[in-house]
Amino acid sequence: MELTDADLVARVLVDDDQHAFGELVRRHQSSVRGLLRQLTRTDIALADDLAQQAFLRAYKNIRSFRGEARFSTWLYRIAYNCFREDARRRKELVGIDEEQLQTQHDPQAADPGLRHDLMRALNLLPLNERSAILLCCRSGLSHDEAARVLDIPLGTVKTNVLRGREKLKRMLADWGPNQVKQI
Amino acid sequence: MNQEDWLDRELREAAPYIDDEGFTARVLQQLPPLRRRHDLLRAVILLGMAFLASVLAYVVSGGGRFVSVTLERLAALPALWVFGLALASGLVIAAAGATAAISRSRASLT
């Protein structure tokens with residue numbers, strides 16, 4: 001029988017079982033690294049460094065996990081905080097504005113793949129919208145969970161998701177369900 | 001399918017599984033050995049309490065007279081009885097140790 005995240009957390013808490021924590025890392029590494037790769041605009045090395053930092057911080061602070069939210073939500077929050085702290089240090093928290101968004105989007109870009117365009121469009125969104133879209137639409141978190149991760153009001157998350165979606169739809173207008181079925 | 005559902009589906013599918021490739025091992029290598037510090041603290045507390053309890057028992061029992069009485073009784077027992085008692089005690093301790101070791105190794109395998 002496979003142990004739940006809560007069981008594994010309990011083992012870490014009671015026995016300081018590092019194997020149990022290793023299993024938690026194995027389970028969530030892909031989603032955490034994936035989220036950070038998108039947040040860092042596909043800077044893989046930086047994203048992996050931040051993911052490592054996030055898991056270490058999670059281990060050190062595991063006693064503060066009370067099980068009120070899913071373990072993955074708690075982990076996303078730590079990962080997002082690591083990203084924000086790093087971004088603050090690098091002063092990259094400023095998003096790209098509408099004007100840049102218009103000039104940088106080139107439908108005739110070299111790689112015509114939808115996935116490439118989607119990633120590119122995501123990277124052009126301001127951080128607050130990108131984060132909300134990634135958490136809600138990509139990682140499957142509810143608006144409420146995303147609000148906890150991002151530490152912002154629920155209404156702001158909803159607005160950011162809505163705005164982000166609208167921009168993505170505009171940027172990907174050449175694609176869409178009625179345009180192309182295959183990537 | 002409307003544009004919104006299509007976009008959500010594409011976003012989900014654009015998130016492929018990332019292979020571990022040693023990531024978990026690198027994280028585990030950097031974990032701090034918190035447990036040892038806790039173990040040391042626990043051992044010190046337990047030893048301290050055991051010492052205090054022994055002193056208390058010695059004082060309460062009138063200088064530990066019961067120890068000499070018990071030793072005298074034990075010395076009066078036939079050698080075979082003493083050997084049997086020692087063997088039984090050894091077996092009980094060995095069984096308890098083996099059980100603890102097996103359950104510990106099972107827990108770390110899962």
# chains A, B, ... in the order shown; residues from 1 in each chain; ligands from 1

$ select_by_dssp --residues "chain A" --states "alpha helix (DSSP H)" --output "PyMOL selection string"
chain A and resi 5-15+18-39+44-60+71-90+98-104+114-124+127-133+143-150+154-171

$ interface_residues --of "chain A" --to "chain B" --cutoff "7 Å" --atoms "only C-alpha atoms" --output "ChimeraX atom specification"
/A:16,19,22,25-26,30,34,52,56,115,137-138,176-177

$ residues_around --residues "A:Thr159" --least-positions-apart "3" --cutoff "12 Å" --atoms "only C-alpha atoms" --output "MDAnalysis selection string"
chainID A and resid 128:130 132:133 143 147 152:156 162:166

$ write_last_selection --atoms "C-alpha atoms" --output "PDB file, in the first residue's frame"
ATOM      1  CA  ASN A 128       1.448  38.126 -11.012  1.00  0.00           C
ATOM      2  CA  GLU A 129      -0.619  36.876 -13.963  1.00  0.00           C
ATOM      3  CA  ARG A 130       1.926  34.235 -14.949  1.00  0.00           C
ATOM      4  CA  ALA A 132      -1.749  32.716 -11.111  1.00  0.00           C
ATOM      5  CA  ILE A 133      -2.134  31.052 -14.514  1.00  0.00           C
ATOM      6  CA  HIS A 143      -8.222  29.762  -6.750  1.00  0.00           C
ATOM      7  CA  ALA A 147      -4.280  32.620  -3.098  1.00  0.00           C
ATOM      8  CA  ILE A 152      -2.696  37.509  -2.019  1.00  0.00           C
ATOM      9  CA  PRO A 153      -6.490  37.934  -1.753  1.00  0.00           C
ATOM     10  CA  LEU A 154      -8.727  35.441  -3.543  1.00  0.00           C
ATOM     11  CA  GLY A 155     -10.258  38.188  -5.704  1.00  0.00           C
ATOM     12  CA  THR A 156      -6.817  39.237  -6.937  1.00  0.00           C
ATOM     13  CA  LEU A 162      -8.817  36.206 -16.015  1.00  0.00           C
ATOM     14  CA  ARG A 163      -6.424  38.855 -17.337  1.00  0.00           C
ATOM     15  CA  GLY A 164      -3.674  36.328 -18.009  1.00  0.00           C
ATOM     16  CA  ARG A 165      -6.077  34.062 -19.885  1.00  0.00           C
ATOM     17  CA  GLU A 166      -7.316  36.940 -22.009  1.00  0.00           C
TER      18      GLU A 166
END

$ atom_distance --atom1 "atom CA of A:Met171" --atom2 "atom CA of A:Leu122"
9.5 Å

$ residues_around --residues "A:Ser64" --least-positions-apart "4" --cutoff "12 Å" --atoms "only C-alpha atoms" --output "VMD selection string"
chain A and resid 9 13 57 to 60 68 to 69 71 74 to 75 78

$ atom_distance --atom1 "atom CA of B:Ala100" --atom2 "atom CA of A:Gly67"
29.0 Å

$ atom_distance --atom1 "atom CA of A:Tyr76" --atom2 "atom CA of A:Val32"
6.6 Å

$ residues_around --residues "A:Val12" --least-positions-apart "4" --cutoff "10 Å" --atoms "only C-alpha atoms" --output "list in words"
Ala6, Asp7, Leu8, Asp16, Asp17, Gln18, His19, Ala20, Phe21, Gly22, Leu24, Tyr59, Ile62 and Arg63 of chain A

$ write_last_selection --atoms "C-alpha atoms" --output "compact mmCIF listing (two decimals), in the first residue's frame"
# COMPACT_ATOMS: atom_id res chain seq x y z
CA ALA A 6 0.52 12.93 5.28
CA ASP A 7 1.94 9.53 6.36
CA LEU A 8 5.35 10.44 5.01
CA ASP A 16 13.15 12.32 11.30
CA ASP A 17 13.03 9.65 8.58
CA GLN A 18 15.06 11.05 5.70
CA HIS A 19 13.95 8.20 3.42
CA ALA A 20 10.37 9.35 3.90
CA PHE A 21 11.38 12.89 3.02
CA GLY A 22 13.22 11.53 -0.02
CA LEU A 24 8.21 13.27 -0.80
CA TYR A 59 12.57 19.91 5.52
CA ILE A 62 8.29 20.69 8.28
CA ARG A 63 7.01 21.13 11.84
